[in-house]
$ cat upload-v7.pdb   # PDB, C-alpha atoms and all ligand atoms
ATOM      1  CA  MET A   1     -22.183  23.591   4.909  1.00  0.00           C
ATOM      2  CA  THR A   2     -25.136  24.763   7.044  1.00  0.00           C
ATOM      3  CA  ASP A   3     -26.640  28.167   6.371  1.00  0.00           C
ATOM      4  CA  PRO A   4     -25.020  30.824   8.597  1.00  0.00           C
ATOM      5  CA  ILE A   5     -28.478  32.186   9.514  1.00  0.00           C
ATOM      6  CA  ARG A   6     -31.648  30.060   9.794  1.00  0.00           C
ATOM      7  CA  ILE A   7     -34.640  31.648  11.459  1.00  0.00           C
ATOM      8  CA  SER A   8     -38.177  30.355  11.804  1.00  0.00           C
ATOM      9  CA  GLY A   9     -41.232  31.373  13.794  1.00  0.00           C
ATOM     10  CA  LEU A  10     -39.317  34.186  15.498  1.00  0.00           C
ATOM     11  CA  GLY A  11     -41.380  36.562  17.626  1.00  0.00           C
ATOM     12  CA  TYR A  12     -40.260  39.394  19.888  1.00  0.00           C
ATOM     13  CA  ALA A  13     -42.021  41.957  22.103  1.00  0.00           C
ATOM     14  CA  TYR A  14     -40.765  44.917  24.143  1.00  0.00           C
ATOM     15  CA  GLY A  15     -42.305  45.646  27.554  1.00  0.00           C
ATOM     16  CA  GLU A  16     -44.347  43.462  29.861  1.00  0.00           C
ATOM     17  CA  GLY A  17     -47.939  43.051  30.946  1.00  0.00           C
ATOM     18  CA  GLU A  18     -50.183  45.785  29.619  1.00  0.00           C
ATOM     19  CA  LEU A  19     -47.197  47.574  28.104  1.00  0.00           C
ATOM     20  CA  ARG A  20     -46.143  44.530  26.080  1.00  0.00           C
ATOM     21  CA  ARG A  21     -45.723  45.499  22.423  1.00  0.00           C
ATOM     22  CA  PRO A  22     -44.949  42.853  19.802  1.00  0.00           C
ATOM     23  CA  VAL A  23     -42.451  44.138  17.236  1.00  0.00           C
ATOM     24  CA  LEU A  24     -41.532  40.913  15.389  1.00  0.00           C
ATOM     25  CA  ARG A  25     -44.030  38.255  14.336  1.00  0.00           C
ATOM     26  CA  ASP A  26     -43.407  34.832  12.859  1.00  0.00           C
ATOM     27  CA  VAL A  27     -40.209  35.876  11.083  1.00  0.00           C
ATOM     28  CA  ALA A  28     -38.507  33.300   8.863  1.00  0.00           C
ATOM     29  CA  LEU A  29     -35.211  34.095   7.150  1.00  0.00           C
ATOM     30  CA  HIS A  30     -32.288  32.152   5.726  1.00  0.00           C
ATOM     31  CA  VAL A  31     -28.944  33.601   4.763  1.00  0.00           C
ATOM     32  CA  ARG A  32     -26.748  31.205   2.833  1.00  0.00           C
ATOM     33  CA  ALA A  33     -22.973  30.853   2.856  1.00  0.00           C
ATOM     34  CA  GLY A  34     -21.272  33.820   1.189  1.00  0.00           C
ATOM     35  CA  GLU A  35     -24.540  35.643   0.545  1.00  0.00           C
ATOM     36  CA  VAL A  36     -25.059  39.428   0.837  1.00  0.00           C
ATOM     37  CA  VAL A  37     -28.607  40.101   2.037  1.00  0.00           C
ATOM     38  CA  LEU A  38     -30.084  43.563   2.586  1.00  0.00           C
ATOM     39  CA  LEU A  39     -32.937  44.103   5.019  1.00  0.00           C
ATOM     40  CA  THR A  40     -35.127  47.109   4.201  1.00  0.00           C
ATOM     41  CA  GLY A  41     -38.452  48.481   5.386  1.00  0.00           C
ATOM     42  CA  PRO A  42     -40.031  51.527   7.008  1.00  0.00           C
ATOM     43  CA  SER A  43     -38.801  52.980  10.275  1.00  0.00           C
ATOM     44  CA  GLY A  44     -40.102  50.955  13.210  1.00  0.00           C
ATOM     45  CA  SER A  45     -40.689  47.779  11.188  1.00  0.00           C
ATOM     46  CA  GLY A  46     -38.334  45.817  13.453  1.00  0.00           C
ATOM     47  CA  LYS A  47     -35.134  45.577  11.389  1.00  0.00           C
ATOM     48  CA  THR A  48     -32.705  46.609  14.119  1.00  0.00           C
ATOM     49  CA  THR A  49     -34.439  44.419  16.691  1.00  0.00           C
ATOM     50  CA  LEU A  50     -34.068  41.440  14.351  1.00  0.00           C
ATOM     51  CA  LEU A  51     -30.398  42.247  13.710  1.00  0.00           C
ATOM     52  CA  THR A  52     -29.640  42.469  17.441  1.00  0.00           C
ATOM     53  CA  LEU A  53     -31.340  39.095  18.053  1.00  0.00           C
ATOM     54  CA  ILE A  54     -29.283  37.487  15.271  1.00  0.00           C
ATOM     55  CA  GLY A  55     -26.154  39.134  16.701  1.00  0.00           C
ATOM     56  CA  ALA A  56     -26.899  37.578  20.117  1.00  0.00           C
ATOM     57  CA  LEU A  57     -27.016  41.092  21.589  1.00  0.00           C
ATOM     58  CA  ARG A  58     -30.404  40.386  23.174  1.00  0.00           C
ATOM     59  CA  ALA A  59     -32.115  37.197  24.359  1.00  0.00           C
ATOM     60  CA  MET A  60     -34.638  35.372  22.174  1.00  0.00           C
ATOM     61  CA  GLN A  61     -38.255  35.054  23.284  1.00  0.00           C
ATOM     62  CA  GLU A  62     -39.987  32.885  20.701  1.00  0.00           C
ATOM     63  CA  GLY A  63     -39.126  30.689  17.728  1.00  0.00           C
ATOM     64  CA  SER A  64     -35.792  29.447  16.472  1.00  0.00           C
ATOM     65  CA  CYS A  65     -32.708  31.395  15.432  1.00  0.00           C
ATOM     66  CA  ARG A  66     -29.640  29.378  14.447  1.00  0.00           C
ATOM     67  CA  VAL A  67     -26.561  31.491  13.802  1.00  0.00           C
ATOM     68  CA  LEU A  68     -23.309  29.875  12.632  1.00  0.00           C
ATOM     69  CA  GLY A  69     -24.713  26.519  13.681  1.00  0.00           C
ATOM     70  CA  ARG A  70     -25.731  27.569  17.198  1.00  0.00           C
ATOM     71  CA  GLU A  71     -29.309  27.819  18.443  1.00  0.00           C
ATOM     72  CA  LEU A  72     -29.961  31.115  20.222  1.00  0.00           C
ATOM     73  CA  MET A  73     -33.367  30.253  21.661  1.00  0.00           C
ATOM     74  CA  GLY A  74     -32.644  29.359  25.280  1.00  0.00           C
ATOM     75  CA  ALA A  75     -28.908  30.146  24.953  1.00  0.00           C
ATOM     76  CA  SER A  76     -27.184  31.432  28.092  1.00  0.00           C
ATOM     77  CA  GLU A  77     -25.519  34.854  28.273  1.00  0.00           C
ATOM     78  CA  ARG A  78     -22.169  33.059  28.183  1.00  0.00           C
ATOM     79  CA  GLU A  79     -23.074  31.202  24.989  1.00  0.00           C
ATOM     80  CA  ARG A  80     -24.265  34.453  23.451  1.00  0.00           C
ATOM     81  CA  VAL A  81     -21.014  36.215  24.325  1.00  0.00           C
ATOM     82  CA  ARG A  82     -19.091  33.370  22.699  1.00  0.00           C
ATOM     83  CA  LEU A  83     -21.162  33.614  19.510  1.00  0.00           C
ATOM     84  CA  ARG A  84     -20.706  37.401  19.349  1.00  0.00           C
ATOM     85  CA  ARG A  85     -16.968  36.846  19.026  1.00  0.00           C
ATOM     86  CA  SER A  86     -17.558  35.095  15.691  1.00  0.00           C
ATOM     87  CA  ILE A  87     -19.531  38.039  14.287  1.00  0.00           C
ATOM     88  CA  GLY A  88     -18.235  41.295  12.817  1.00  0.00           C
ATOM     89  CA  PHE A  89     -20.500  44.255  13.652  1.00  0.00           C
ATOM     90  CA  ILE A  90     -20.702  47.560  11.752  1.00  0.00           C
ATOM     91  CA  PHE A  91     -22.990  50.346  12.946  1.00  0.00           C
ATOM     92  CA  GLN A  92     -24.144  53.668  11.520  1.00  0.00           C
ATOM     93  CA  ASN A  93     -21.996  55.693  13.886  1.00  0.00           C
ATOM     94  CA  HIS A  94     -18.890  53.547  13.403  1.00  0.00           C
ATOM     95  CA  ASN A  95     -18.449  53.195  17.216  1.00  0.00           C
ATOM     96  CA  LEU A  96     -14.697  53.763  17.012  1.00  0.00           C
ATOM     97  CA  LEU A  97     -12.905  54.827  20.187  1.00  0.00           C
ATOM     98  CA  GLY A  98     -11.822  58.447  19.866  1.00  0.00           C
ATOM     99  CA  PHE A  99      -8.689  58.175  21.995  1.00  0.00           C
ATOM    100  CA  LEU A 100      -7.236  55.333  19.917  1.00  0.00           C
ATOM    101  CA  THR A 101      -5.673  55.513  16.458  1.00  0.00           C
ATOM    102  CA  ALA A 102      -7.256  53.769  13.473  1.00  0.00           C
ATOM    103  CA  ARG A 103      -4.724  50.961  13.834  1.00  0.00           C
ATOM    104  CA  GLN A 104      -5.412  50.529  17.562  1.00  0.00           C
ATOM    105  CA  ASN A 105      -9.163  50.502  16.965  1.00  0.00           C
ATOM    106  CA  VAL A 106      -8.788  47.676  14.455  1.00  0.00           C
ATOM    107  CA  ALA A 107      -6.267  45.791  16.611  1.00  0.00           C
ATOM    108  CA  MET A 108      -8.768  45.816  19.499  1.00  0.00           C
ATOM    109  CA  ALA A 109     -10.941  43.371  17.594  1.00  0.00           C
ATOM    110  CA  LEU A 110      -8.062  40.880  17.858  1.00  0.00           C
ATOM    111  CA  GLU A 111      -7.816  41.077  21.629  1.00  0.00           C
ATOM    112  CA  ILE A 112     -10.009  37.987  21.857  1.00  0.00           C
ATOM    113  CA  GLU A 113      -7.038  36.091  20.414  1.00  0.00           C
ATOM    114  CA  ALA A 114      -5.299  35.806  23.750  1.00  0.00           C
ATOM    115  CA  ALA A 115      -2.281  34.045  22.283  1.00  0.00           C
ATOM    116  CA  MET A 116      -1.562  36.752  19.708  1.00  0.00           C
ATOM    117  CA  PRO A 117       1.183  39.198  20.740  1.00  0.00           C
ATOM    118  CA  GLU A 118       0.358  42.927  20.579  1.00  0.00           C
ATOM    119  CA  ARG A 119       2.879  43.454  17.767  1.00  0.00           C
ATOM    120  CA  GLU A 120       1.176  40.856  15.613  1.00  0.00           C
ATOM    121  CA  ARG A 121      -2.244  42.393  16.283  1.00  0.00           C
ATOM    122  CA  LEU A 122      -0.988  45.811  15.217  1.00  0.00           C
ATOM    123  CA  ARG A 123       0.669  44.332  12.119  1.00  0.00           C
ATOM    124  CA  ARG A 124      -2.556  42.604  11.028  1.00  0.00           C
ATOM    125  CA  ALA A 125      -4.540  45.758  11.752  1.00  0.00           C
ATOM    126  CA  GLY A 126      -2.161  47.690   9.479  1.00  0.00           C
ATOM    127  CA  GLU A 127      -2.640  45.115   6.715  1.00  0.00           C
ATOM    128  CA  MET A 128      -6.429  45.357   6.998  1.00  0.00           C
ATOM    129  CA  LEU A 129      -6.294  49.157   6.895  1.00  0.00           C
ATOM    130  CA  ALA A 130      -4.226  48.971   3.715  1.00  0.00           C
ATOM    131  CA  ALA A 131      -6.798  46.546   2.253  1.00  0.00           C
ATOM    132  CA  VAL A 132      -9.578  49.094   2.837  1.00  0.00           C
ATOM    133  CA  GLY A 133      -7.519  51.847   1.193  1.00  0.00           C
ATOM    134  CA  LEU A 134      -6.293  53.620   4.340  1.00  0.00           C
ATOM    135  CA  GLU A 135      -2.548  53.237   3.950  1.00  0.00           C
ATOM    136  CA  GLY A 136      -0.908  56.318   5.472  1.00  0.00           C
ATOM    137  CA  HIS A 137      -3.843  56.996   7.808  1.00  0.00           C
ATOM    138  CA  GLU A 138      -3.121  54.217  10.309  1.00  0.00           C
ATOM    139  CA  ASP A 139      -1.916  56.469  13.115  1.00  0.00           C
ATOM    140  CA  LYS A 140      -4.703  59.051  12.987  1.00  0.00           C
ATOM    141  CA  PRO A 141      -7.508  59.155  15.542  1.00  0.00           C
ATOM    142  CA  PRO A 142     -11.075  58.939  14.134  1.00  0.00           C
ATOM    143  CA  ALA A 143     -11.568  62.713  14.529  1.00  0.00           C
ATOM    144  CA  ARG A 144      -8.927  63.311  11.831  1.00  0.00           C
ATOM    145  CA  LEU A 145     -10.635  61.021   9.306  1.00  0.00           C
ATOM    146  CA  SER A 146     -13.616  61.739   7.041  1.00  0.00           C
ATOM    147  CA  GLY A 147     -16.949  59.951   7.582  1.00  0.00           C
ATOM    148  CA  GLY A 148     -16.200  57.536   4.747  1.00  0.00           C
ATOM    149  CA  GLN A 149     -12.711  56.828   6.090  1.00  0.00           C
ATOM    150  CA  ARG A 150     -14.136  56.116   9.557  1.00  0.00           C
ATOM    151  CA  GLN A 151     -16.546  53.593   8.092  1.00  0.00           C
ATOM    152  CA  ARG A 152     -13.596  51.987   6.286  1.00  0.00           C
ATOM    153  CA  VAL A 153     -11.876  51.625   9.664  1.00  0.00           C
ATOM    154  CA  ALA A 154     -15.107  50.082  10.995  1.00  0.00           C
ATOM    155  CA  ILE A 155     -15.086  47.614   8.081  1.00  0.00           C
ATOM    156  CA  ALA A 156     -11.449  46.720   8.773  1.00  0.00           C
ATOM    157  CA  ARG A 157     -12.281  46.225  12.458  1.00  0.00           C
ATOM    158  CA  ALA A 158     -15.292  44.041  11.632  1.00  0.00           C
ATOM    159  CA  LEU A 159     -13.312  41.792   9.268  1.00  0.00           C
ATOM    160  CA  VAL A 160      -9.840  41.592  10.852  1.00  0.00           C
ATOM    161  CA  ALA A 161     -10.677  38.637  13.103  1.00  0.00           C
ATOM    162  CA  CYS A 162     -12.109  36.663  10.136  1.00  0.00           C
ATOM    163  CA  PRO A 163     -15.684  36.463  11.438  1.00  0.00           C
ATOM    164  CA  GLY A 164     -18.120  33.843  10.171  1.00  0.00           C
ATOM    165  CA  LEU A 165     -20.747  36.536   9.601  1.00  0.00           C
ATOM    166  CA  VAL A 166     -20.970  40.332   9.282  1.00  0.00           C
ATOM    167  CA  LEU A 167     -23.995  42.220  10.616  1.00  0.00           C
ATOM    168  CA  ALA A 168     -24.278  45.857   9.557  1.00  0.00           C
ATOM    169  CA  ASP A 169     -26.882  48.398  10.673  1.00  0.00           C
ATOM    170  CA  GLU A 170     -27.229  51.372   8.316  1.00  0.00           C
ATOM    171  CA  PRO A 171     -23.478  51.610   7.654  1.00  0.00           C
ATOM    172  CA  THR A 172     -23.907  54.257   4.952  1.00  0.00           C
ATOM    173  CA  ALA A 173     -26.651  56.380   6.542  1.00  0.00           C
ATOM    174  CA  ALA A 174     -24.305  59.129   7.711  1.00  0.00           C
ATOM    175  CA  LEU A 175     -22.378  59.333   4.428  1.00  0.00           C
ATOM    176  CA  ASP A 176     -22.879  61.343   1.244  1.00  0.00           C
ATOM    177  CA  LYS A 177     -23.891  59.565  -1.947  1.00  0.00           C
ATOM    178  CA  VAL A 178     -20.416  58.880  -3.312  1.00  0.00           C
ATOM    179  CA  SER A 179     -18.764  57.725  -0.084  1.00  0.00           C
ATOM    180  CA  GLY A 180     -21.863  55.706   0.846  1.00  0.00           C
ATOM    181  CA  ALA A 181     -21.699  53.776  -2.411  1.00  0.00           C
ATOM    182  CA  GLU A 182     -17.906  53.336  -2.110  1.00  0.00           C
ATOM    183  CA  VAL A 183     -18.145  52.002   1.423  1.00  0.00           C
ATOM    184  CA  ALA A 184     -20.992  49.614   0.529  1.00  0.00           C
ATOM    185  CA  HIS A 185     -19.106  48.223  -2.476  1.00  0.00           C
ATOM    186  CA  LEU A 186     -15.901  47.897  -0.496  1.00  0.00           C
ATOM    187  CA  LEU A 187     -17.692  45.942   2.230  1.00  0.00           C
ATOM    188  CA  ARG A 188     -19.309  43.705  -0.344  1.00  0.00           C
ATOM    189  CA  ASP A 189     -16.046  43.027  -2.206  1.00  0.00           C
ATOM    190  CA  MET A 190     -14.073  42.326   0.961  1.00  0.00           C
ATOM    191  CA  ALA A 191     -16.728  39.967   2.317  1.00  0.00           C
ATOM    192  CA  LYS A 192     -17.177  38.186  -1.034  1.00  0.00           C
ATOM    193  CA  SER A 193     -13.445  37.614  -1.440  1.00  0.00           C
ATOM    194  CA  ARG A 194     -13.423  35.931   1.980  1.00  0.00           C
ATOM    195  CA  GLY A 195     -16.735  34.092   1.540  1.00  0.00           C
ATOM    196  CA  THR A 196     -18.165  35.943   4.562  1.00  0.00           C
ATOM    197  CA  PRO A 197     -21.958  36.362   4.517  1.00  0.00           C
ATOM    198  CA  ILE A 198     -23.415  39.815   5.255  1.00  0.00           C
ATOM    199  CA  LEU A 199     -26.801  40.815   6.583  1.00  0.00           C
ATOM    200  CA  MET A 200     -27.210  44.579   6.303  1.00  0.00           C
ATOM    201  CA  VAL A 201     -30.073  46.796   7.440  1.00  0.00           C
ATOM    202  CA  THR A 202     -30.383  49.768   5.124  1.00  0.00           C
ATOM    203  CA  HIS A 203     -32.755  52.518   4.068  1.00  0.00           C
ATOM    204  CA  ASP A 204     -30.353  53.526   1.370  1.00  0.00           C
ATOM    205  CA  PRO A 205     -31.806  52.810  -2.094  1.00  0.00           C
ATOM    206  CA  ARG A 206     -28.451  53.766  -3.665  1.00  0.00           C
ATOM    207  CA  ILE A 207     -26.754  50.588  -2.452  1.00  0.00           C
ATOM    208  CA  LEU A 208     -29.358  47.935  -3.276  1.00  0.00           C
ATOM    209  CA  ASP A 209     -27.139  46.799  -6.161  1.00  0.00           C
ATOM    210  CA  ILE A 210     -24.604  45.233  -3.780  1.00  0.00           C
ATOM    211  CA  ALA A 211     -27.166  42.636  -2.664  1.00  0.00           C
ATOM    212  CA  ASP A 212     -27.638  39.042  -3.732  1.00  0.00           C
ATOM    213  CA  ARG A 213     -31.083  39.338  -2.190  1.00  0.00           C
ATOM    214  CA  VAL A 214     -33.244  42.115  -0.725  1.00  0.00           C
ATOM    215  CA  VAL A 215     -35.660  41.261   2.070  1.00  0.00           C
ATOM    216  CA  ALA A 216     -38.367  43.781   2.970  1.00  0.00           C
ATOM    217  CA  MET A 217     -39.988  44.064   6.395  1.00  0.00           C
ATOM    218  CA  GLU A 218     -43.192  45.766   7.399  1.00  0.00           C
ATOM    219  CA  ASP A 219     -44.809  45.904  10.802  1.00  0.00           C
ATOM    220  CA  GLY A 220     -42.631  43.142  12.257  1.00  0.00           C
ATOM    221  CA  ARG A 221     -43.025  40.699   9.377  1.00  0.00           C
ATOM    222  CA  ILE A 222     -41.060  39.832   6.277  1.00  0.00           C
ATOM    223  CA  VAL A 223     -43.276  40.871   3.393  1.00  0.00           C
ATOM    224  CA  GLU A 224     -41.109  40.404   0.343  1.00  0.00           C
ATOM    225  CA  GLU A 225     -37.938  38.695  -0.815  1.00  0.00           C
ATOM    226  CA  ALA A 226     -36.363  39.467  -4.126  1.00  0.00           C
ATOM    227  CA  GLY A 227     -33.130  38.607  -5.875  1.00  0.00           C
ATOM    228  CA  ALA A 228     -31.374  41.830  -6.873  1.00  0.00           C
TER     229      ALA A 228
HETATM  230  N1  LIG B 301     -35.551  49.187  23.682  1.00  0.00           N
HETATM  231  C1  LIG B 301     -36.793  49.343  23.232  1.00  0.00           C
HETATM  232  N2  LIG B 301     -37.852  49.417  24.098  1.00  0.00           N
HETATM  233  C2  LIG B 301     -39.104  49.558  23.645  1.00  0.00           C
HETATM  234  N3  LIG B 301     -39.450  49.642  22.339  1.00  0.00           N
HETATM  235  C3  LIG B 301     -38.442  49.596  21.441  1.00  0.00           C
HETATM  236  C4  LIG B 301     -37.076  49.442  21.841  1.00  0.00           C
HETATM  237  N4  LIG B 301     -36.296  49.422  20.726  1.00  0.00           N
HETATM  238  C5  LIG B 301     -37.148  49.546  19.676  1.00  0.00           C
HETATM  239  N5  LIG B 301     -38.424  49.654  20.099  1.00  0.00           N
HETATM  240  C6  LIG B 301     -39.632  49.784  19.251  1.00  0.00           C
HETATM  241  O1  LIG B 301     -39.721  48.602  18.466  1.00  0.00           O
HETATM  242  C7  LIG B 301     -40.144  48.898  17.135  1.00  0.00           C
HETATM  243  C8  LIG B 301     -39.119  48.350  16.148  1.00  0.00           C
HETATM  244  O2  LIG B 301     -37.913  49.093  16.298  1.00  0.00           O
HETATM  245  P1  LIG B 301     -36.614  48.796  15.432  1.00  0.00           P
HETATM  246  O3  LIG B 301     -35.563  49.743  15.875  1.00  0.00           O
HETATM  247  O4  LIG B 301     -36.321  47.343  15.471  1.00  0.00           O
HETATM  248  O5  LIG B 301     -37.156  49.174  13.981  1.00  0.00           O
HETATM  249  P2  LIG B 301     -36.333  49.566  12.677  1.00  0.00           P
HETATM  250  O6  LIG B 301     -37.088  48.969  11.545  1.00  0.00           O
HETATM  251  O7  LIG B 301     -34.908  49.184  12.832  1.00  0.00           O
HETATM  252  O8  LIG B 301     -36.475  51.133  12.657  1.00  0.00           O
HETATM  253  P3  LIG B 301     -35.429  52.257  12.115  1.00  0.00           P
HETATM  254  O9  LIG B 301     -35.348  52.006  10.650  1.00  0.00           O
HETATM  255  O10 LIG B 301     -36.104  53.549  12.479  1.00  0.00           O
HETATM  256  O11 LIG B 301     -34.146  52.027  12.842  1.00  0.00           O
HETATM  257  C9  LIG B 301     -40.313  50.408  17.076  1.00  0.00           C
HETATM  258  O12 LIG B 301     -41.669  50.716  17.228  1.00  0.00           O
HETATM  259  C10 LIG B 301     -39.512  50.913  18.247  1.00  0.00           C
HETATM  260  O13 LIG B 301     -40.070  52.095  18.764  1.00  0.00           O
END
$ encode --input "upload-v7.pdb" --output "structure tokens"
Amino acid sequence: MTDPIRISGLGYAYGEGELRRPVLRDVALHVRAGEVVLLTGPSGSGKTTLLTLIGALRAMQEGSCRVLGRELMGASERERVRLRRSIGFIFQNHNLLGFLTARQNVAMALEIEAAMPERERLRRAGEMLAAVGLEGHEDKPPARLSGGQRQRVAIARALVACPGLVLADEPTAALDKVSGAEVAHLLRDMAKSRGTPILMVTHDPRILDIADRVVAMEDGRIVEEAGA
């Protein structure tokens, strides 16, 4: 099986001409099948930029980035959109839609399955919500859930379509110590039981223990890799 993420010689700059500012330099990174890798480093070191390149949310400029077997350097917008459908995203601010219930938010991630009837989508969403410990909360809107519960909904949404990869950006940053650790362990356990690799950006030293490997960035470069 090929590694879900293989990056070499990746460079990226914001701005053009005199305003051009390199933020990633000669980055090399591999994430292997089923692995949980945390990406840490000071603010501004380029972690989120790297995550958005891997997630095909922005176009590559330099180097090679193969994600789930597809090369992103030179990929068209259409190819990038297609790849994004195979990735589960989790962000700091959960990005749930406030006018939908928890179940509807999760079911939305299945809308790419054109052949799946609405009833089936809602049934699977309910199953996923139960798996993340939210039985009984399925019909509440995000505003009636706690921060930790909202991130559980975001985990259910990210995993319900069985993605080949999960990318998470500071998923515990807005949570207190206990719910942050619970959410991080839940995400790890759910991904491990499915063999789904995770790459997670985090500043949170309390969750380093969920990692198979911790990769540290500084000033646009990877400076350290350590098994946890
Ligand atoms: N859209 C943008 N336009 C211009 N510069 C940007 C843009 N997004 C990020 N940057 C700059 O690129 C650098 C890297 O930012 P990035 O968000 O990738 O770092 P980070 O390590 O994720 O930081 P943080 O931990 O604070 O989120 C920073 O100096 C930032 O100011």
$ residues_near_point --input "upload-v7.pdb" --point "(-28.6, 40.9, 1.4)" --cutoff "7 Å" --atoms "all atoms listed in the file" --output "list in words"
Glu35, Val36, Val37, Leu38, Leu39, Ile198, Leu199, Met200, Ala211, Asp212, Arg213 and Val214 of chain A
$ write_last_selection --input "upload-v7.pdb" --atoms "C-alpha atoms" --output "JSON list (two decimals), in the coordinates of the input"
[["chain", "number", "residue", "atom", "x", "y", "z"],
["A", 35, "GLU", "CA", -24.54, 35.64, 0.55],
["A", 36, "VAL", "CA", -25.06, 39.43, 0.84],
["A", 37, "VAL", "CA", -28.61, 40.10, 2.04],
["A", 38, "LEU", "CA", -30.08, 43.56, 2.59],
["A", 39, "LEU", "CA", -32.94, 44.10, 5.02],
["A", 198, "ILE", "CA", -23.42, 39.82, 5.26],
["A", 199, "LEU", "CA", -26.80, 40.82, 6.58],
["A", 200, "MET", "CA", -27.21, 44.58, 6.30],
["A", 211, "ALA", "CA", -27.17, 42.64, -2.66],
["A", 212, "ASP", "CA", -27.64, 39.04, -3.73],
["A", 213, "ARG", "CA", -31.08, 39.34, -2.19],
["A", 214, "VAL", "CA", -33.24, 42.12, -0.72]]
$ resolve_selection --input "upload-v7.pdb" --expression "the PyMOL selection byres (((not hetatm)) within 10 of (chain B and resi 301))" --output "PyMOL selection string"
chain A and resi 12-15+19-24+39-53+169-170+201-203+217-220
$ closest_residue --input "upload-v7.pdb" --among "A:Val223, A:Leu110, A:Ala130, A:Leu175" --to "Ile207 of chain A" --atoms "only C-alpha atoms"
A:Leu175
$ resolve_selection --input "upload-v7.pdb" --expression "the PyMOL selection byres (((chain A and resi 124) around 12) and not hetatm)" --output "PyMOL selection string"
chain A and resi 103-111+116-123+125-131+138+156-157+159-162
$ axis_aligned_box --input "upload-v7.pdb" --around "segment 105-112 of chain A" --padding-each-side "3 Å" --output "AutoDock Vina command-line options"
--center_x -8.6 --center_y 44.2 --center_z 18.2 --size_x 10.7 --size_y 18.5 --size_z 13.4
$ resolve_selection --input "upload-v7.pdb" --expression "the PyMOL selection byres (((chain A and resi 1-10) around 7) and not hetatm)" --output "PyMOL selection string"
chain A and resi 11-12+25-33+62-69
$ closest_residue --input "upload-v7.pdb" --among "A:Ala75, A:Ala216, A:Leu167, A:Met60" --to "Ala191 of chain A" --atoms "only C-alpha atoms"
A:Leu167
$ residues_around --input "upload-v7.pdb" --residues "Ile155 of chain A" --least-positions-apart "6" --cutoff "8 Å" --atoms "all atoms listed in the file" --output "list in words"
Ile90, Val132 and Leu187 of chain A
$ closest_residue --input "upload-v7.pdb" --among "A:Ser146, A:Asn95, A:Thr172, A:Ser179" --to "Ala158 of chain A" --atoms "all atoms listed in the file"
A:Asn95
$ atom_distance --input "upload-v7.pdb" --atom1 "atom CA of Glu71 of chain A" --atom2 "atom CA of Ile54 of chain A"
10.2 Å
$ atom_distance --input "upload-v7.pdb" --atom1 "atom CA of Ala184 of chain A" --atom2 "atom CA of Arg150 of chain A"
13.1 Å
$ residues_around --input "upload-v7.pdb" --residues "Gln149 of chain A" --least-positions-apart "5" --cutoff "9 Å" --atoms "all atoms listed in the file" --output "number ranges by chain"
A: 132-134, 142, 154, 179, 183
$ atom_distance --input "upload-v7.pdb" --atom1 "atom CA of Gln151 of chain A" --atom2 "atom CA of Glu135 of chain A"
14.6 Å
$ closest_residue --input "upload-v7.pdb" --among "A:Gly98, A:Ala173, A:Ala181, A:Leu57" --to "Arg80 of chain A" --atoms "all atoms listed in the file"
A:Leu57
$ closest_residue --input "upload-v7.pdb" --among "A:Arg84, A:Arg58, A:Arg152, A:Arg221" --to "Glu182 of chain A" --atoms "all atoms listed in the file"
A:Arg152
$ closest_residue --input "upload-v7.pdb" --among "A:Ala56, A:Ala143, A:Leu83, A:Ala174" --to "Leu97 of chain A" --atoms "all atoms listed in the file"
A:Ala143
$ decode --input "upload-v7.pdb" --residues "segment 169-180 of chain A" --atoms "C-alpha atoms" --output "short mmCIF file (atom, residue, chain, number, x, y, z; two decimals), in the first residue's frame"
data_model
loop_
_atom_site.label_atom_id
_atom_site.label_comp_id
_atom_site.auth_asym_id
_atom_site.auth_seq_id
_atom_site.Cartn_x
_atom_site.Cartn_y
_atom_site.Cartn_z
CA ASP A 169 -6.30 21.79 12.50
CA GLU A 170 -6.18 22.52 16.24
CA PRO A 171 -9.31 20.47 16.99
CA THR A 172 -8.89 20.82 20.76
CA ALA A 173 -7.76 24.46 20.96
CA ALA A 174 -11.15 25.80 22.03
CA LEU A 175 -11.77 23.08 24.63
CA ASP A 176 -10.90 22.77 28.32
CA LYS A 177 -8.30 20.23 29.42
CA VAL A 178 -10.64 17.31 30.06
CA SER A 179 -12.81 17.64 26.95
CA GLY A 180 -9.74 18.37 24.81
#
